[in-house]
$ cat query-v6.cif   # mmCIF, C-alpha atoms
data_model
#
loop_
_atom_site.label_atom_id
_atom_site.label_comp_id
_atom_site.auth_asym_id
_atom_site.auth_seq_id
_atom_site.Cartn_x
_atom_site.Cartn_y
_atom_site.Cartn_z
CA MET R 23 59.24 -5.52 -18.87
CA GLY R 24 56.45 -2.96 -19.30
CA ALA R 25 54.35 -5.50 -21.17
CA CYS R 26 54.82 -8.02 -18.36
CA LEU R 27 53.81 -5.47 -15.74
CA GLY R 28 50.77 -4.51 -17.81
CA ALA R 29 49.75 -8.16 -18.16
CA CYS R 30 50.10 -8.69 -14.43
CA SER R 31 47.97 -5.61 -13.79
CA LEU R 32 45.26 -6.89 -16.12
CA LEU R 33 45.34 -10.30 -14.41
CA SER R 34 44.99 -8.57 -11.05
CA CYS R 35 41.97 -6.61 -12.33
CA ALA R 36 40.44 -9.79 -13.73
CA SER R 37 40.84 -11.55 -10.40
CA CYS R 38 39.06 -8.68 -8.68
CA LEU R 39 36.20 -8.73 -11.19
CA CYS R 40 35.73 -12.47 -10.83
CA GLY R 41 36.51 -12.77 -7.15
CA SER R 42 34.55 -12.24 -3.97
CA ALA R 43 35.49 -8.63 -3.20
CA PRO R 44 34.92 -5.46 -5.23
CA CYS R 45 38.58 -4.47 -4.88
CA ILE R 46 38.79 -2.43 -8.09
CA LEU R 47 36.24 0.04 -6.77
CA CYS R 48 38.00 0.33 -3.43
CA GLY R 49 41.61 0.28 -4.56
CA CYS R 50 41.68 4.06 -4.90
CA CYS R 51 39.24 4.76 -2.04
CA PRO R 52 39.48 4.66 1.76
CA SER R 53 38.81 1.32 3.42
CA SER R 54 35.15 0.52 3.04
CA ARG R 55 32.66 -2.04 4.21
CA ASN R 56 31.97 -4.85 1.78
CA SER R 57 28.23 -4.44 2.40
CA THR R 58 28.25 -0.77 1.38
CA ILE R 59 30.42 -1.29 -1.69
CA SER R 60 28.21 -4.12 -2.97
CA ARG R 61 25.09 -1.99 -2.67
CA LEU R 62 26.76 0.89 -4.47
CA VAL R 63 27.85 -1.34 -7.36
CA PHE R 64 24.35 -2.79 -7.74
CA THR R 65 23.03 0.78 -7.67
CA ALA R 66 25.51 1.62 -10.43
CA PHE R 67 23.94 -1.17 -12.50
CA LEU R 68 20.56 0.49 -11.94
CA PHE R 69 21.87 3.92 -12.93
CA LEU R 70 23.47 2.42 -16.03
CA GLY R 71 20.06 1.10 -17.05
CA VAL R 72 18.51 4.52 -16.36
CA LEU R 73 21.14 6.18 -18.54
CA VAL R 74 20.41 3.76 -21.39
CA SER R 75 16.69 4.45 -20.98
CA ILE R 76 17.27 8.20 -21.22
CA ILE R 77 19.33 7.66 -24.37
CA MET R 78 16.48 5.59 -25.83
CA LEU R 79 14.22 8.62 -25.50
CA SER R 80 16.57 10.81 -27.54
CA PRO R 81 15.43 11.52 -31.14
CA GLY R 82 18.63 10.21 -32.74
CA VAL R 83 18.03 6.67 -31.53
CA GLU R 84 14.64 6.33 -33.25
CA SER R 85 16.06 5.37 -36.65
CA GLN R 86 17.88 2.42 -35.12
CA LEU R 87 14.84 1.25 -33.15
CA HIS R 88 12.87 0.79 -36.38
CA LYS R 89 14.86 -2.40 -37.02
CA LEU R 90 13.44 -4.19 -33.98
CA PRO R 91 10.47 -6.60 -34.30
CA TRP R 92 8.03 -4.79 -32.00
CA VAL R 93 8.20 -1.38 -33.62
CA CYS R 94 5.02 0.27 -34.92
CA GLU R 95 3.25 -2.93 -35.90
CA GLU R 96 -0.44 -3.62 -35.93
CA GLY R 97 -2.11 -6.99 -36.17
CA ALA R 98 -0.07 -9.81 -37.71
CA GLY R 99 3.13 -7.92 -38.30
CA THR R 100 1.67 -5.36 -40.70
CA PRO R 101 3.62 -2.10 -40.39
CA VAL R 102 1.64 0.97 -39.47
CA ILE R 103 2.67 4.09 -41.39
CA LEU R 104 2.02 7.02 -39.09
CA ARG R 105 2.15 10.57 -40.37
CA SER R 106 2.76 12.21 -37.04
CA HIS R 107 6.29 12.06 -35.68
CA ILE R 108 5.01 11.89 -32.11
CA ASP R 109 2.89 8.82 -32.79
CA CYS R 110 5.71 6.51 -33.84
CA GLY R 111 8.94 8.17 -32.81
CA SER R 112 8.09 8.86 -29.18
CA LEU R 113 6.21 5.58 -28.99
CA LEU R 114 9.41 3.77 -29.95
CA GLY R 115 11.35 5.49 -27.19
CA HIS R 116 8.71 4.61 -24.63
CA ARG R 117 8.57 0.98 -25.67
CA ALA R 118 12.37 0.82 -25.55
CA VAL R 119 12.29 2.20 -21.99
CA TYR R 120 9.71 -0.46 -21.10
CA ARG R 121 12.08 -3.20 -22.30
CA MET R 122 15.17 -1.72 -20.69
CA CYS R 123 13.38 -1.46 -17.34
CA PHE R 124 12.00 -4.97 -17.79
CA ALA R 125 15.60 -6.18 -18.10
CA MET R 126 16.62 -4.31 -14.93
CA THR R 127 13.62 -5.68 -13.06
CA ALA R 128 14.35 -9.23 -14.15
CA PHE R 129 18.03 -8.88 -13.20
CA PHE R 130 17.34 -7.63 -9.66
CA PHE R 131 14.42 -10.03 -9.17
CA LEU R 132 16.74 -12.92 -10.01
CA PHE R 133 19.13 -11.83 -7.26
CA ALA R 134 16.23 -11.23 -4.85
CA LEU R 135 15.27 -14.89 -5.23
CA LEU R 136 18.86 -16.10 -5.11
CA MET R 137 19.73 -14.18 -1.92
CA MET R 138 16.76 -15.19 0.19
CA CYS R 139 17.64 -16.12 3.80
CA VAL R 140 21.34 -15.25 3.59
CA ARG R 141 22.37 -14.70 7.23
CA SER R 142 26.10 -13.94 7.04
CA SER R 143 29.00 -13.70 4.64
CA ARG R 144 29.86 -17.31 5.47
CA ASP R 145 26.95 -18.37 3.27
CA PRO R 146 28.37 -19.30 -0.18
CA ARG R 147 25.74 -17.10 -1.83
CA ALA R 148 27.22 -14.06 -0.09
CA ALA R 149 30.25 -14.37 -2.37
CA ILE R 150 27.90 -14.01 -5.34
CA GLN R 151 26.33 -10.93 -3.78
CA ASN R 152 29.66 -9.27 -3.04
CA GLY R 153 31.71 -10.27 -6.08
CA PHE R 154 31.82 -11.73 -9.60
CA TRP R 155 30.92 -8.35 -11.05
CA PHE R 156 32.16 -9.14 -14.54
CA PHE R 157 29.84 -12.13 -14.83
CA LYS R 158 26.97 -10.11 -13.37
CA PHE R 159 27.54 -7.47 -16.01
CA LEU R 160 27.42 -10.14 -18.72
CA ILE R 161 24.14 -11.46 -17.31
CA PHE R 162 22.77 -7.92 -17.20
CA VAL R 163 23.72 -7.28 -20.82
CA GLY R 164 22.32 -10.65 -21.92
CA ILE R 165 18.94 -10.03 -20.27
CA THR R 166 18.84 -6.54 -21.81
CA VAL R 167 19.53 -7.81 -25.33
CA GLY R 168 16.86 -10.50 -24.93
CA ALA R 169 14.32 -7.99 -23.64
CA PHE R 170 14.60 -5.92 -26.81
CA TYR R 171 13.45 -8.90 -28.87
CA ILE R 172 10.24 -9.47 -26.91
CA PRO R 173 7.30 -9.18 -29.38
CA ASP R 174 4.99 -6.36 -28.45
CA GLY R 175 1.51 -7.88 -28.41
CA SER R 176 0.07 -7.17 -24.98
CA PHE R 177 3.50 -6.78 -23.36
CA SER R 178 3.40 -2.99 -23.08
CA ASN R 179 -0.08 -2.89 -21.55
CA ILE R 180 0.66 -5.64 -19.01
CA TRP R 181 4.01 -4.12 -18.10
CA PHE R 182 2.35 -0.72 -17.66
CA TYR R 183 0.19 -2.07 -14.83
CA CYS R 184 3.19 -3.85 -13.28
CA GLY R 185 4.93 -0.48 -13.33
CA VAL R 186 1.93 1.18 -11.67
CA VAL R 187 2.05 -1.23 -8.72
CA GLY R 188 5.82 -1.06 -8.36
CA SER R 189 5.90 2.72 -8.57
CA PHE R 190 3.16 3.02 -5.94
CA LEU R 191 5.25 0.97 -3.51
CA PHE R 192 8.45 2.86 -4.29
CA ILE R 193 6.73 6.20 -3.62
CA LEU R 194 5.99 4.88 -0.12
CA ILE R 195 9.60 3.80 0.29
CA GLN R 196 10.70 7.29 -0.71
CA LEU R 197 8.46 8.76 1.99
CA VAL R 198 9.97 6.41 4.58
CA LEU R 199 13.43 7.59 3.53
CA VAL R 200 12.36 11.24 3.76
CA VAL R 201 11.03 10.69 7.30
CA ASP R 202 14.17 8.80 8.30
CA PHE R 203 16.45 11.49 6.90
CA ALA R 204 14.53 14.26 8.69
CA HIS R 205 14.51 12.22 11.92
CA SER R 206 18.28 11.65 11.82
CA TRP R 207 18.86 15.27 10.91
CA ASN R 208 16.70 16.49 13.80
CA GLN R 209 18.31 14.07 16.27
CA GLN R 210 21.88 15.01 15.34
CA TRP R 211 21.32 18.76 15.47
CA LEU R 212 19.49 18.54 18.80
CA GLY R 213 22.36 16.46 20.16
CA LYS R 214 24.91 19.03 19.01
CA ALA R 215 22.82 21.84 20.49
CA GLU R 216 22.85 20.12 23.89
CA GLU R 217 26.51 19.15 23.61
CA HIS R 218 27.79 22.61 22.72
CA ASP R 219 25.08 24.54 24.56
CA SER R 220 24.50 26.63 21.44
CA ARG R 221 21.27 28.05 20.12
CA ALA R 222 22.62 28.14 16.58
CA TRP R 223 21.57 24.52 16.02
CA TYR R 224 18.03 25.30 17.18
CA ALA R 225 17.99 28.29 14.83
CA GLY R 226 19.10 26.04 11.98
CA LEU R 227 16.28 23.56 12.64
CA PHE R 228 13.79 26.41 12.83
CA PHE R 229 15.09 27.89 9.56
CA PHE R 230 14.77 24.67 7.57
CA THR R 231 11.39 23.86 9.09
CA LEU R 232 10.15 27.31 8.08
CA LEU R 233 11.75 26.89 4.64
CA PHE R 234 9.99 23.57 4.00
CA TYR R 235 6.62 24.95 5.05
CA SER R 236 7.16 28.07 2.95
CA LEU R 237 8.02 25.96 -0.10
CA SER R 238 4.92 23.85 0.53
CA ILE R 239 2.62 26.89 0.74
CA THR R 240 4.20 28.36 -2.40
CA ALA R 241 3.77 25.05 -4.23
CA VAL R 242 0.11 24.80 -3.21
CA THR R 243 -0.48 28.33 -4.49
CA LEU R 244 1.16 27.51 -7.84
CA LEU R 245 -0.86 24.29 -8.13
CA PHE R 246 -4.09 26.25 -7.74
CA ILE R 247 -2.93 28.79 -10.32
CA TYR R 248 -1.67 26.44 -13.03
CA TYR R 249 -3.63 23.21 -12.50
CA THR R 250 -7.12 24.51 -11.76
CA GLN R 251 -9.69 26.74 -13.43
CA PRO R 252 -12.44 28.80 -11.74
CA SER R 253 -15.25 26.79 -13.35
CA ALA R 254 -13.48 23.48 -13.98
CA CYS R 255 -10.82 21.07 -12.64
CA TYR R 256 -12.86 20.12 -9.58
CA GLU R 257 -10.86 16.92 -9.03
CA GLY R 258 -7.62 18.90 -8.85
CA LYS R 259 -9.11 21.36 -6.39
CA VAL R 260 -10.25 18.51 -4.16
CA PHE R 261 -6.88 16.75 -4.29
CA ILE R 262 -4.88 19.89 -3.47
CA SER R 263 -7.23 21.02 -0.70
CA LEU R 264 -7.55 17.59 0.90
CA ASN R 265 -3.80 16.95 0.96
CA LEU R 266 -3.19 20.42 2.37
CA ILE R 267 -5.69 19.76 5.19
CA LEU R 268 -4.14 16.37 5.92
CA CYS R 269 -0.67 17.91 6.08
CA VAL R 270 -1.88 20.54 8.55
CA CYS R 271 -3.42 17.77 10.68
CA ILE R 272 -0.25 15.67 10.87
CA SER R 273 1.77 18.79 11.68
CA ILE R 274 -0.50 19.51 14.64
CA ILE R 275 -0.40 15.88 15.78
CA ALA R 276 3.42 15.85 15.61
CA ILE R 277 3.67 18.54 18.32
CA LEU R 278 0.94 17.31 20.65
CA PRO R 279 2.26 16.94 24.22
CA LYS R 280 1.51 13.21 24.45
CA VAL R 281 3.22 12.52 21.13
CA GLN R 282 6.23 14.58 22.23
CA GLU R 283 6.36 12.70 25.52
CA ALA R 284 6.34 9.34 23.73
CA GLN R 285 8.75 10.48 20.99
CA PRO R 286 10.93 13.38 22.12
CA ASN R 287 12.76 13.50 18.77
CA SER R 288 9.55 13.92 16.81
CA GLY R 289 8.80 17.45 15.70
CA LEU R 290 7.92 19.89 12.99
CA LEU R 291 11.06 19.24 10.93
CA GLN R 292 9.85 15.75 10.04
CA ALA R 293 6.30 17.00 9.55
CA SER R 294 7.47 19.81 7.26
CA ALA R 295 9.53 17.37 5.17
CA VAL R 296 6.54 15.01 4.86
CA THR R 297 4.33 17.98 3.92
CA LEU R 298 6.72 19.10 1.18
CA TYR R 299 7.01 15.55 -0.20
CA THR R 300 3.24 15.11 -0.15
CA ILE R 301 2.72 18.32 -2.11
CA PHE R 302 5.38 17.12 -4.56
CA VAL R 303 3.52 13.83 -5.12
CA THR R 304 0.31 15.84 -5.58
CA TRP R 305 2.09 17.86 -8.26
CA LEU R 306 3.16 14.64 -9.98
CA ALA R 307 -0.44 13.42 -9.91
CA LEU R 308 -1.87 16.62 -11.37
CA SER R 309 0.73 16.55 -14.17
CA ASN R 310 -1.00 13.37 -15.43
CA VAL R 311 -4.57 14.70 -15.47
CA PRO R 312 -5.89 13.90 -18.99
CA ASP R 313 -7.53 17.29 -19.46
CA GLN R 314 -5.65 20.07 -21.19
CA LYS R 315 -7.59 22.74 -19.30
CA CYS R 316 -6.27 21.38 -16.02
CA ASN R 317 -2.81 20.27 -17.11
CA PRO R 318 -0.36 22.67 -18.80
CA HIS R 319 1.97 19.77 -19.64
CA LEU R 320 -0.40 18.25 -22.19
CA LEU R 321 0.24 19.00 -25.85
CA THR R 322 -1.22 17.60 -29.02
CA HIS R 323 0.73 17.09 -32.22
CA PHE R 324 -0.83 16.95 -35.66
CA GLY R 325 1.88 16.57 -38.25
CA ASN R 326 4.32 19.35 -37.51
CA GLY R 327 1.89 21.48 -35.51
CA THR R 328 0.19 21.58 -32.17
CA GLY R 329 -3.54 21.59 -31.66
CA PRO R 330 -6.21 21.10 -29.01
CA ALA R 331 -6.42 17.76 -27.24
CA GLY R 332 -8.94 15.18 -28.26
CA PRO R 333 -10.12 12.07 -26.38
CA GLU R 334 -6.89 10.20 -27.20
CA GLY R 335 -4.93 12.85 -29.02
CA TYR R 336 -2.89 14.30 -26.23
CA VAL R 337 0.74 13.71 -25.50
CA THR R 338 3.16 15.27 -23.06
CA GLN R 339 6.48 17.06 -22.98
CA TRP R 340 8.92 14.29 -22.19
CA TRP R 341 11.35 16.40 -20.12
CA ASP R 342 8.94 18.55 -18.19
CA ALA R 343 9.61 19.86 -14.70
CA PRO R 344 7.82 17.04 -12.78
CA SER R 345 9.88 14.40 -14.60
CA ILE R 346 13.18 16.16 -13.95
CA VAL R 347 12.48 16.74 -10.24
CA GLY R 348 11.19 13.17 -9.91
CA LEU R 349 14.38 11.83 -11.50
CA ILE R 350 16.56 13.83 -9.09
CA ILE R 351 14.63 12.63 -6.04
CA PHE R 352 14.79 9.06 -7.37
CA ILE R 353 18.59 9.24 -7.65
CA LEU R 354 18.98 10.69 -4.14
CA CYS R 355 16.66 8.14 -2.53
CA THR R 356 18.30 5.23 -4.32
CA LEU R 357 21.74 6.35 -3.15
CA PHE R 358 20.33 6.80 0.35
CA ILE R 359 19.13 3.17 0.32
CA SER R 360 22.60 2.05 -0.72
CA VAL R 361 24.87 3.82 1.74
CA ARG R 362 23.29 3.70 5.16
CA ALA R 363 21.38 1.83 7.80
CA SER R 364 19.03 3.98 9.84
CA ASP R 365 19.45 4.80 13.51
CA HIS R 366 15.66 4.74 13.79
CA ARG R 367 14.52 1.31 14.94
CA GLN R 368 11.13 1.46 13.21
CA VAL R 369 12.77 2.35 9.90
CA ASN R 370 15.35 -0.41 10.31
CA SER R 371 12.57 -2.90 10.89
CA LEU R 372 10.67 -1.70 7.85
CA MET R 373 13.69 -1.46 5.53
CA ARG R 374 15.25 -4.71 6.80
CA THR R 375 18.51 -3.10 7.94
CA GLU R 376 20.33 -3.25 11.27
CA GLU R 377 21.90 -0.59 13.41
CA CYS R 378 25.51 -1.40 14.16
CA PRO R 379 26.28 -1.52 17.93
CA PRO R 380 29.05 0.84 19.08
CA MET R 381 31.47 -1.98 20.03
CA VAL R 382 31.04 -3.69 16.69
CA GLU R 383 31.37 -0.33 14.93
CA ALA R 384 34.70 0.30 16.67
CA ALA R 385 35.96 -3.17 15.76
CA GLN R 386 34.99 -2.63 12.14
CA GLN R 387 36.82 0.70 12.05
CA ARG R 388 39.99 -1.00 13.32
CA GLN R 389 39.54 -3.73 10.72
CA GLY R 390 39.07 -1.13 7.99
CA ALA R 391 42.21 0.74 9.05
CA ALA R 392 44.19 -2.49 8.71
CA CYS R 393 42.87 -3.15 5.20
CA ASP R 394 44.81 -0.27 3.64
CA GLY R 395 42.30 1.01 1.09
CA ARG R 396 40.58 -2.30 0.42
CA ALA R 397 37.05 -3.49 1.02
CA PHE R 398 36.76 -5.55 4.19
CA ASP R 399 34.16 -8.10 5.19
CA ASN R 400 31.95 -6.69 7.94
CA GLU R 401 29.27 -9.39 7.79
CA GLN R 402 30.98 -12.53 9.10
CA ASP R 403 28.76 -12.55 12.19
CA GLY R 404 25.61 -11.43 10.38
CA VAL R 405 24.47 -9.36 7.42
CA THR R 406 23.86 -5.66 8.01
CA TYR R 407 20.96 -5.56 5.56
CA SER R 408 18.64 -8.04 3.92
CA TYR R 409 20.20 -8.91 0.57
CA SER R 410 16.88 -10.06 -0.81
CA PHE R 411 14.92 -7.00 0.34
CA PHE R 412 17.59 -4.68 -1.07
CA HIS R 413 17.10 -6.25 -4.50
CA VAL R 414 13.33 -5.97 -4.10
CA CYS R 415 13.84 -2.23 -3.53
CA LEU R 416 15.86 -2.07 -6.75
CA VAL R 417 13.07 -3.96 -8.55
CA LEU R 418 10.58 -1.34 -7.38
CA ALA R 419 13.05 1.42 -8.27
CA SER R 420 13.32 0.03 -11.81
CA LEU R 421 9.54 0.06 -12.19
CA HIS R 422 9.28 3.56 -10.72
CA ILE R 423 11.90 5.04 -13.04
CA MET R 424 10.14 3.40 -15.99
CA MET R 425 6.94 5.21 -15.09
CA THR R 426 8.82 8.46 -14.40
CA LEU R 427 10.65 8.49 -17.74
CA THR R 428 7.47 7.68 -19.66
CA ASN R 429 5.38 10.18 -17.65
CA TRP R 430 3.01 7.37 -16.65
CA TYR R 431 1.59 7.30 -20.16
CA ARG R 432 -0.18 4.08 -21.15
CA PRO R 433 0.32 2.51 -24.60
CA SER R 434 -3.05 2.53 -26.37
CA GLU R 435 -4.50 0.50 -29.19
CA THR R 436 -4.28 3.57 -31.44
CA GLN R 437 -0.45 3.48 -31.35
CA LYS R 438 -0.22 6.49 -29.02
CA MET R 439 0.99 7.01 -25.49
CA ILE R 440 -2.00 8.40 -23.61
CA SER R 441 -2.35 9.87 -20.15
CA THR R 442 -4.95 8.24 -17.92
CA TRP R 443 -6.68 8.82 -14.62
CA THR R 444 -5.01 5.62 -13.40
CA ALA R 445 -1.73 7.47 -12.94
CA VAL R 446 -3.48 10.32 -11.13
CA TRP R 447 -5.29 8.07 -8.67
CA VAL R 448 -2.25 5.89 -8.00
CA LYS R 449 -0.13 8.91 -7.05
CA ILE R 450 -2.87 10.51 -4.96
CA CYS R 451 -3.51 7.23 -3.13
CA ALA R 452 0.23 6.88 -2.58
CA SER R 453 0.30 10.33 -0.98
CA TRP R 454 -2.58 9.36 1.32
CA ALA R 455 -0.96 6.04 2.21
CA GLY R 456 2.29 7.87 2.97
CA LEU R 457 0.52 10.30 5.29
CA LEU R 458 -1.17 7.40 7.08
CA LEU R 459 2.19 5.67 7.43
CA TYR R 460 3.75 8.77 8.98
CA LEU R 461 0.72 9.21 11.23
CA TRP R 462 1.17 5.64 12.42
CA THR R 463 4.80 6.33 13.40
CA LEU R 464 3.53 9.21 15.55
CA VAL R 465 0.66 7.49 17.34
CA ALA R 466 1.91 3.88 17.47
CA PRO R 467 3.72 4.36 20.83
CA LEU R 468 0.49 5.73 22.31
CA LEU R 469 -1.73 2.99 20.92
CA LEU R 470 0.69 0.17 21.76
CA PRO R 471 2.39 1.29 24.99
CA ASN R 472 3.75 -2.18 25.77
CA ARG R 473 5.90 -2.30 22.63
CA ASP R 474 9.34 -0.74 22.31
CA PHE R 475 9.34 2.04 19.71
CA SER R 476 12.52 3.74 20.86
#

$ encode --input "query-v6.cif" --output "C-alpha cells"
Amino acid sequence: MGACLGACSLLSCASCLCGSAPCILCGCCPSSRNSTISRLVFTAFLFLGVLVSIIMLSPGVESQLHKLPWVCEEGAGTPVILRSHIDCGSLLGHRAVYRMCFAMTAFFFLFALLMMCVRSSRDPRAAIQNGFWFFKFLIFVGITVGAFYIPDGSFSNIWFYCGVVGSFLFILIQLVLVVDFAHSWNQQWLGKAEEHDSRAWYAGLFFFTLLFYSLSITAVTLLFIYYTQPSACYEGKVFISLNLILCVCISIIAILPKVQEAQPNSGLLQASAVTLYTIFVTWLALSNVPDQKCNPHLLTHFGNGTGPAGPEGYVTQWWDAPSIVGLIIFILCTLFISVRASDHRQVNSLMRTEECPPMVEAAQQRQGAACDGRAFDNEQDGVTYSYSFFHVCLVLASLHIMMTLTNWYRPSETQKMISTWTAVWVKICASWAGLLLYLWTLVAPLLLPNRDFS
C-alpha cells in the first residue's frame, strides 16, 4: 500500500512538472498568481546558473576543467604550460563562467523569441511559459553542456564585448528599479502619515534620506582616500567630482517648486537613493582602473609571490568588496523584477508591466482564496507583464553577472585576464545615463505638459 501511495505521489509530481501550472512550488505555499510563480521559477534558473558560475571560480574545480578542449591552448591546439597559478587556473574559472553565462543567455533569449506578442494565457505559448518545468530544465542542462564544448578561439573576446553591452543596459535597469522602489516607499509612507495623522512616518522618511546622503558622502570621502593620489589618478578625481556635482544638481532639481507641483510624490528620498547608487557605480568603475597606484584591488602574481604591476601583468582579487556588493544588489534587483509590477506608470511603461486595477485585484484575491494553496491563472484577460521583455531582462542579467563575477577582466592574447579602461568607461557612462534618465522623470511633466505622467 505504501509503495502504491508513493507511486501515485511521484506521478502527481510528474504531472505538475510537465503540466501547465507550477503546482509543486505552490503546493506548500499560500495561493499565488501564476504570473508571479513563473517569474520566480525562471529567476531560480538564473540563480542556479550563478551558483554554478561561482563554483567554477573555486580552486578545486580547476583540475577538472583541464580536461575540456578550450583550456590553456595557444595556436592549433598546442598546450601552453604556464608557471604562474594565476595565469592558467584563474583563467580557466573565468572562461568557465563565460560559457555558463552564455548558456543562460541562450536559454532566456530562446524564450524571449518564443514568447513574443503573447497577449493572454489563452495563447498556447502561455502554457509553455507557465509550465513544463522539467523539460525546460533538460533544455537548460543541454545548452550548458554544449556551451562547455565551444572551442575558445575568439569566443572569449567576442563574448566579453557582448557582456559589456548587456551589463551597461542592466545597470540602467537597476537604477530604474532603485527609483521605483524609492518612489513606492515614499508614496506609501506619506499615505500612512496622512491616514494616521502621525509625524513618525515623516521622521522615518527624513531619517532614511539623511542616512542615504550620509552614506554617499562617506563613500565619496573613501573613494578619494583609496582610489586617488595627490599627484596622480586624475581620471578618478574627475569621475568622483563630476558624479558628486551631478548628484547635487539632481537633488536640487527634485525639490524645485515646479517639479514638486507636477510630481507631488517626488522628493529627496528618491534623489538620495539615486545618489547612493550612482556613487556605488562610480566605485565599481574605479575598481577596474588598470593602474595599481589608483586601484588597491589590483595585484600581480609571479609564481608564488606578488609583485608590482606591469603593462599586462596585473590581476585582481576575485572576491573583493565591489564584487560582493554588486552580487548582492544583483540578487535583490532580479528578485524585485520577478515579484512585482510597479504602481508608477512611467516605470510600468518602461518595464513592460501593468498595474492591476482595484476591481480586478479583488477578483483575483477571491480566486486565489478558492484555489486552496495552488497557483491560479490571473492572465486570462491579459498578461500582467511582457513575457518576452522579462526574458530580455534575464538575458541582460546573465551578461551582467558574468561581468561581475569576472570583475570585467578581458581575456588577452597573453593568456591572462587583464583589466581595461573599457570597463571603467562603460560603468561611468552608465552612471551618467542613469542620472539623465532620472532627470528626465523629473522634468518630463514640465517639458510635455499635455502628456499624462501621473

$ residues_around --input "query-v6.cif" --residues "region 453-456 of chain R" --least-positions-apart "2" --cutoff "12 Å" --atoms "only C-alpha atoms" --output "VMD selection string"
chain R and resid 190 to 201 261 to 262 264 to 269 272 293 296 to 307 446 to 451 458 to 463

$ residues_near_point --input "query-v6.cif" --point "(19.5, 24.8, 15.9)" --cutoff "10 Å" --atoms "all atoms listed in the file" --output "tab-separated table (two decimals) with C-alpha atoms, keeping the file's coordinate frame"
chain	number	residue	atom	x	y	z
R	208	ASN	CA	16.70	16.49	13.80
R	211	TRP	CA	21.32	18.76	15.47
R	212	LEU	CA	19.49	18.54	18.80
R	213	GLY	CA	22.36	16.46	20.16
R	214	LYS	CA	24.91	19.03	19.01
R	215	ALA	CA	22.82	21.84	20.49
R	216	GLU	CA	22.85	20.12	23.89
R	220	SER	CA	24.50	26.63	21.44
R	221	ARG	CA	21.27	28.05	20.12
R	222	ALA	CA	22.62	28.14	16.58
R	223	TRP	CA	21.57	24.52	16.02
R	224	TYR	CA	18.03	25.30	17.18
R	225	ALA	CA	17.99	28.29	14.83
R	226	GLY	CA	19.10	26.04	11.98
R	227	LEU	CA	16.28	23.56	12.64
R	228	PHE	CA	13.79	26.41	12.83
R	229	PHE	CA	15.09	27.89	9.56
R	230	PHE	CA	14.77	24.67	7.57

$ residues_around --input "query-v6.cif" --residues "Ser178 (chain R)" --least-positions-apart "3" --cutoff "10 Å" --atoms "all atoms listed in the file" --output "list in words"
His116, Arg117, Tyr120, Arg121, Pro173, Asp174, Gly175, Trp181, Phe182, Tyr183, Cys184, Arg432, Pro433 and Ser434 of chain R

$ atom_distance --input "query-v6.cif" --atom1 "CA of Ser410 (chain R)" --atom2 "CA of Leu135 (chain R)"
6.7 Å

$ closest_residue --input "query-v6.cif" --among "R:Leu245, R:Ile180, R:Val186, R:Ala118" --to "Thr444 (chain R)" --atoms "only C-alpha atoms"
R:Val186

$ atom_distance --input "query-v6.cif" --atom1 "CA of Phe358 (chain R)" --atom2 "CA of Arg147 (chain R)"
24.6 Å

$ residues_around --input "query-v6.cif" --residues "region 415-427 of chain R" --least-positions-apart "5" --cutoff "9 Å" --atoms "only C-alpha atoms" --output "short mmCIF file (atom, residue, chain, number, x, y, z; two decimals) with C-alpha atoms, keeping the file's coordinate frame"
data_model
loop_
_atom_site.label_atom_id
_atom_site.label_comp_id
_atom_site.auth_asym_id
_atom_site.auth_seq_id
_atom_site.Cartn_x
_atom_site.Cartn_y
_atom_site.Cartn_z
CA PHE R 64 24.35 -2.79 -7.74
CA THR R 65 23.03 0.78 -7.67
CA LEU R 68 20.56 0.49 -11.94
CA GLY R 71 20.06 1.10 -17.05
CA VAL R 72 18.51 4.52 -16.36
CA SER R 75 16.69 4.45 -20.98
CA ILE R 76 17.27 8.20 -21.22
CA LEU R 79 14.22 8.62 -25.50
CA HIS R 116 8.71 4.61 -24.63
CA VAL R 119 12.29 2.20 -21.99
CA TYR R 120 9.71 -0.46 -21.10
CA MET R 122 15.17 -1.72 -20.69
CA CYS R 123 13.38 -1.46 -17.34
CA PHE R 124 12.00 -4.97 -17.79
CA MET R 126 16.62 -4.31 -14.93
CA THR R 127 13.62 -5.68 -13.06
CA ALA R 128 14.35 -9.23 -14.15
CA PHE R 129 18.03 -8.88 -13.20
CA PHE R 130 17.34 -7.63 -9.66
CA PHE R 131 14.42 -10.03 -9.17
CA ALA R 134 16.23 -11.23 -4.85
CA PHE R 182 2.35 -0.72 -17.66
CA CYS R 184 3.19 -3.85 -13.28
CA GLY R 185 4.93 -0.48 -13.33
CA VAL R 186 1.93 1.18 -11.67
CA VAL R 187 2.05 -1.23 -8.72
CA GLY R 188 5.82 -1.06 -8.36
CA SER R 189 5.90 2.72 -8.57
CA PHE R 190 3.16 3.02 -5.94
CA LEU R 191 5.25 0.97 -3.51
CA PHE R 192 8.45 2.86 -4.29
CA ILE R 193 6.73 6.20 -3.62
CA ILE R 195 9.60 3.80 0.29
CA TRP R 340 8.92 14.29 -22.19
CA TRP R 341 11.35 16.40 -20.12
CA PRO R 344 7.82 17.04 -12.78
CA SER R 345 9.88 14.40 -14.60
CA ILE R 346 13.18 16.16 -13.95
CA GLY R 348 11.19 13.17 -9.91
CA LEU R 349 14.38 11.83 -11.50
CA PHE R 352 14.79 9.06 -7.37
CA THR R 356 18.30 5.23 -4.32
CA ILE R 359 19.13 3.17 0.32
CA SER R 410 16.88 -10.06 -0.81
#

$ atom_distance --input "query-v6.cif" --atom1 "CA of Lys158 (chain R)" --atom2 "CA of Tyr171 (chain R)"
20.6 Å

$ closest_residue --input "query-v6.cif" --among "R:Leu132, R:Val167, R:Val405, R:Leu308" --to "Trp430 (chain R)" --atoms "all atoms listed in the file"
R:Leu308

$ resolve_selection --input "query-v6.cif" --expression "the PyMOL selection byres ((chain R and resi 316) around 7)" --output "PyMOL selection string"
chain R and resi 249-251+255+311+313-315+317-318
